[in-house]
$ cat protein_33.txt   # compact mmCIF, C-alpha atoms
# COMPACT_ATOMS: atom_id res chain seq x y z
CA MET H 1 -43.92 -51.89 -4.69
CA GLY H 2 -46.06 -53.03 -7.63
CA THR H 3 -49.85 -53.02 -7.74
CA PHE H 4 -52.49 -55.14 -9.44
CA VAL H 5 -55.18 -53.01 -11.09
CA ILE H 6 -58.46 -54.70 -12.06
CA SER H 7 -60.53 -53.00 -14.76
CA LYS H 8 -62.98 -53.76 -17.55
CA ARG H 9 -62.18 -53.97 -21.22
CA LEU H 10 -64.46 -52.35 -23.81
CA ASN H 11 -66.15 -55.74 -24.36
CA ASP H 12 -67.14 -55.86 -20.63
CA PHE H 13 -64.65 -58.62 -19.85
CA TYR H 14 -62.31 -58.13 -16.89
CA LYS H 15 -58.53 -57.85 -16.94
CA PHE H 16 -55.78 -56.97 -14.52
CA GLU H 17 -52.51 -55.17 -14.98
CA PHE H 18 -49.42 -55.30 -12.84
CA VAL H 19 -48.17 -51.73 -12.50
CA SER H 20 -44.68 -50.76 -11.33
CA ARG H 21 -43.82 -48.44 -8.46
CA LYS H 22 -43.46 -45.68 -11.04
CA GLY H 23 -46.97 -46.28 -12.44
CA LYS H 24 -45.93 -48.03 -15.66
CA THR H 25 -47.75 -51.18 -16.76
CA ILE H 26 -45.44 -54.20 -16.68
CA PHE H 27 -47.93 -56.83 -17.86
CA THR H 28 -51.60 -57.24 -18.75
CA SER H 29 -53.62 -60.38 -18.09
CA ASN H 30 -55.87 -62.34 -20.37
CA SER H 31 -59.59 -61.49 -20.49
CA TYR H 32 -62.00 -62.95 -17.94
CA GLU H 33 -65.77 -63.06 -18.15
CA LEU H 34 -66.22 -62.84 -14.37
CA LYS H 35 -64.38 -60.64 -11.88
CA PHE H 36 -63.75 -63.46 -9.40
CA GLU H 37 -61.77 -65.28 -12.12
CA CYS H 38 -59.53 -62.24 -12.33
CA GLU H 39 -59.09 -62.17 -8.55
CA ASP H 40 -58.34 -65.91 -8.47
CA GLU H 41 -55.64 -65.55 -11.15
CA ILE H 42 -54.02 -62.73 -9.17
CA GLU H 43 -53.85 -64.97 -6.09
CA ILE H 44 -52.38 -67.81 -8.14
CA LEU H 45 -49.65 -65.49 -9.46
CA ARG H 46 -48.95 -64.06 -6.00
CA ASN H 47 -48.50 -67.52 -4.50
CA SER H 48 -46.57 -69.12 -7.37
CA THR H 49 -43.67 -66.78 -8.04
CA GLU H 50 -41.12 -69.57 -7.78
CA ASN H 51 -43.09 -71.80 -10.18
CA PHE H 52 -43.90 -69.55 -13.13
CA THR H 53 -41.72 -69.13 -16.17
CA PHE H 54 -40.98 -66.11 -18.32
CA MET H 55 -41.06 -66.87 -22.04
CA LYS H 56 -39.14 -64.15 -23.89
CA PHE H 57 -40.03 -62.93 -27.37
CA ARG H 58 -38.93 -60.33 -29.87
CA THR H 59 -41.24 -58.54 -32.30
CA SER H 60 -40.45 -58.06 -35.98
CA ARG H 61 -39.64 -54.44 -35.14
CA GLY H 62 -37.03 -55.43 -32.55
CA LYS H 63 -39.05 -54.81 -29.36
CA TYR H 64 -38.83 -57.28 -26.48
CA PHE H 65 -41.68 -58.73 -24.43
CA PHE H 66 -42.44 -61.77 -22.31
CA LYS H 67 -45.33 -63.98 -21.29
CA ILE H 68 -45.87 -65.39 -17.82
CA ILE H 69 -46.43 -69.16 -18.01
CA LEU H 70 -47.57 -71.39 -15.15
CA ASP H 71 -48.49 -75.06 -15.61
CA GLU H 72 -48.34 -74.64 -19.39
CA LYS H 73 -50.93 -71.84 -19.27
CA SER H 74 -50.23 -68.26 -20.33
CA PHE H 75 -51.43 -65.84 -17.62
CA ALA H 76 -50.25 -62.49 -18.95
CA THR H 77 -48.27 -60.64 -21.62
CA SER H 78 -45.85 -57.85 -20.86
CA ARG H 79 -45.65 -54.46 -22.45
CA LYS H 80 -43.07 -53.99 -25.20
CA TYR H 81 -39.55 -52.98 -24.15
CA SER H 82 -36.93 -51.26 -26.27
CA THR H 83 -34.01 -53.29 -24.85
CA GLU H 84 -33.50 -56.73 -23.39
CA LEU H 85 -32.09 -55.13 -20.23
CA MET H 86 -35.30 -53.11 -19.68
CA MET H 87 -37.33 -56.31 -20.13
CA GLN H 88 -35.16 -58.07 -17.54
CA LYS H 89 -35.72 -55.20 -15.09
CA GLY H 90 -39.48 -55.66 -15.55
CA MET H 91 -39.20 -59.38 -14.82
CA ASP H 92 -37.00 -58.68 -11.77
CA GLU H 93 -39.59 -56.23 -10.42
CA ILE H 94 -42.30 -58.88 -10.76
CA VAL H 95 -40.28 -61.48 -8.84
CA LYS H 96 -39.39 -58.98 -6.13
CA TYR H 97 -42.82 -57.40 -5.52
CA ILE H 98 -45.63 -59.58 -6.85
CA SER H 99 -46.20 -61.61 -3.66
CA LYS H 100 -46.79 -58.49 -1.54
CA SER H 101 -48.57 -56.29 -4.08
CA GLU H 102 -51.92 -54.72 -3.30
CA VAL H 103 -54.99 -54.98 -5.52
CA LEU H 104 -56.94 -51.95 -6.74
CA ASP H 105 -60.35 -52.57 -8.29
CA PHE H 106 -61.50 -49.99 -10.85
CA SER H 107 -63.97 -52.32 -12.58
CA SER H 108 -67.12 -51.21 -10.75
CA SER H 109 -67.64 -47.84 -12.37
CA ASP H 110 -66.56 -46.10 -15.53
CA GLU H 111 -66.80 -42.78 -13.69
CA ILE H 112 -64.14 -42.93 -11.01
CA PHE H 113 -64.55 -39.25 -10.09
CA GLY H 114 -68.31 -39.01 -10.64
CA PRO H 115 -70.21 -36.94 -13.19
CA ILE H 116 -69.12 -33.40 -14.02
CA ASP H 117 -71.60 -30.65 -13.19
CA PHE H 118 -71.05 -28.05 -15.90
CA GLU H 119 -73.81 -25.73 -14.68
CA ASN H 120 -72.12 -25.01 -11.33
CA SER H 121 -68.56 -24.75 -12.65
$ encode --input "protein_33.txt" --output "structure tokens"
Amino acid sequence: MGTFVISKRLNDFYKFEFVSRKGKTIFTSNSYELKFECEDEIEILRNSTENFTFMKFRTSRGKYFFKIILDEKSFATSRKYSTELMMQKGMDEIVKYISKSEVLDFSSSDEIFGPIDFENS
């Protein structure tokens, strides 16, 4: 099952990623100034699977990616895929798992494991 991961960008804005069962990022959201905006967008995506659209693109270097569009608004951009089939598998995983995905919030602290004590190592 996929997971939403909330974190902070270097500019202190929030973002979320949808990560596959294997731990690979499938898509990354836009930036949000406030964390609750991020959480609201996740809920919108979870509850609107049948209403959003995938817009497919190809880079100048031949990589494939998509954007998730809902009500004419872009919510997220996928990672780059080497083949169209791999991109389709990413979209299929979203449709299958997004509504029941859990949310992990890593935005509160930059030090997930706490400070390292070098003197007692």
$ residues_near_point --input "protein_33.txt" --point "(-39.3, -56.2, -12.2)" --cutoff "12 Å" --atoms "all atoms listed in the file" --output "PyMOL selection string"
chain H and resi 1-3+18-22+24-27+54+66+78+85-98
$ residues_around --input "protein_33.txt" --residues "region 4-6 of chain H" --least-positions-apart "4" --cutoff "7 Å" --atoms "all atoms listed in the file" --output "list in words"
Lys15, Phe16, Glu17, Phe18, Val19, Ser101, Glu102, Val103, Leu104, Asp105, Phe106 and Ser107 of chain H
$ residues_around --input "protein_33.txt" --residues "Lys63 (chain H)" --least-positions-apart "6" --cutoff "9 Å" --atoms "only C-alpha atoms" --output "ChimeraX atom specification"
/H:57,80-84
$ atom_distance --input "protein_33.txt" --atom1 "CA of Asp12 (chain H)" --atom2 "CA of Lys67 (chain H)"
23.3 Å
$ atom_distance --input "protein_33.txt" --atom1 "CA of Tyr32 (chain H)" --atom2 "CA of Thr49 (chain H)"
21.2 Å
$ atom_distance --input "protein_33.txt" --atom1 "CA of Asp40 (chain H)" --atom2 "CA of Ala76 (chain H)"
13.7 Å
$ closest_residue --input "protein_33.txt" --among "H:Lys100, H:Arg61, H:Lys56, H:Lys8" --to "Ser29 (chain H)" --atoms "all atoms listed in the file"
H:Lys8
$ build_atoms --input "protein_33.txt" --residues "region 79-96 of chain H" --atoms "N, CA and C atoms" --output "short mmCIF file (atom, residue, chain, number, x, y, z; two decimals), keeping the file's coordinate frame"
data_model
loop_
_atom_site.label_atom_id
_atom_site.label_comp_id
_atom_site.auth_asym_id
_atom_site.auth_seq_id
_atom_site.Cartn_x
_atom_site.Cartn_y
_atom_site.Cartn_z
N ARG H 79 -45.72 -55.56 -21.49
CA ARG H 79 -45.65 -54.46 -22.45
C ARG H 79 -44.41 -54.67 -23.32
N LYS H 80 -44.24 -53.88 -24.34
CA LYS H 80 -43.07 -53.99 -25.20
C LYS H 80 -41.94 -53.12 -24.63
N TYR H 81 -40.74 -53.67 -24.66
CA TYR H 81 -39.55 -52.98 -24.15
C TYR H 81 -38.58 -52.71 -25.29
N SER H 82 -37.86 -51.61 -25.20
CA SER H 82 -36.93 -51.26 -26.27
C SER H 82 -35.62 -52.05 -26.20
N THR H 83 -35.25 -52.52 -24.99
CA THR H 83 -34.01 -53.29 -24.85
C THR H 83 -34.27 -54.54 -24.01
N GLU H 84 -33.40 -55.50 -24.17
CA GLU H 84 -33.50 -56.73 -23.39
C GLU H 84 -33.25 -56.46 -21.90
N LEU H 85 -32.37 -55.50 -21.61
CA LEU H 85 -32.09 -55.13 -20.23
C LEU H 85 -33.33 -54.55 -19.54
N MET H 86 -34.07 -53.69 -20.24
CA MET H 86 -35.30 -53.11 -19.68
C MET H 86 -36.33 -54.22 -19.42
N MET H 87 -36.42 -55.19 -20.33
CA MET H 87 -37.33 -56.31 -20.13
C MET H 87 -36.93 -57.11 -18.90
N GLN H 88 -35.64 -57.33 -18.71
CA GLN H 88 -35.16 -58.07 -17.54
C GLN H 88 -35.48 -57.32 -16.26
N LYS H 89 -35.38 -56.00 -16.27
CA LYS H 89 -35.72 -55.20 -15.09
C LYS H 89 -37.21 -55.36 -14.76
N GLY H 90 -38.05 -55.42 -15.78
CA GLY H 90 -39.48 -55.66 -15.55
C GLY H 90 -39.72 -57.01 -14.91
N MET H 91 -39.05 -58.05 -15.39
CA MET H 91 -39.20 -59.38 -14.82
C MET H 91 -38.67 -59.42 -13.39
N ASP H 92 -37.56 -58.73 -13.13
CA ASP H 92 -37.00 -58.68 -11.77
C ASP H 92 -37.97 -57.99 -10.81
N GLU H 93 -38.63 -56.94 -11.26
CA GLU H 93 -39.59 -56.23 -10.42
C GLU H 93 -40.77 -57.13 -10.06
N ILE H 94 -41.21 -57.93 -11.02
CA ILE H 94 -42.30 -58.88 -10.76
C ILE H 94 -41.89 -59.85 -9.66
N VAL H 95 -40.74 -60.48 -9.82
CA VAL H 95 -40.28 -61.48 -8.84
C VAL H 95 -40.13 -60.86 -7.46
N LYS H 96 -39.65 -59.63 -7.41
CA LYS H 96 -39.39 -58.98 -6.13
C LYS H 96 -40.66 -58.54 -5.41
#
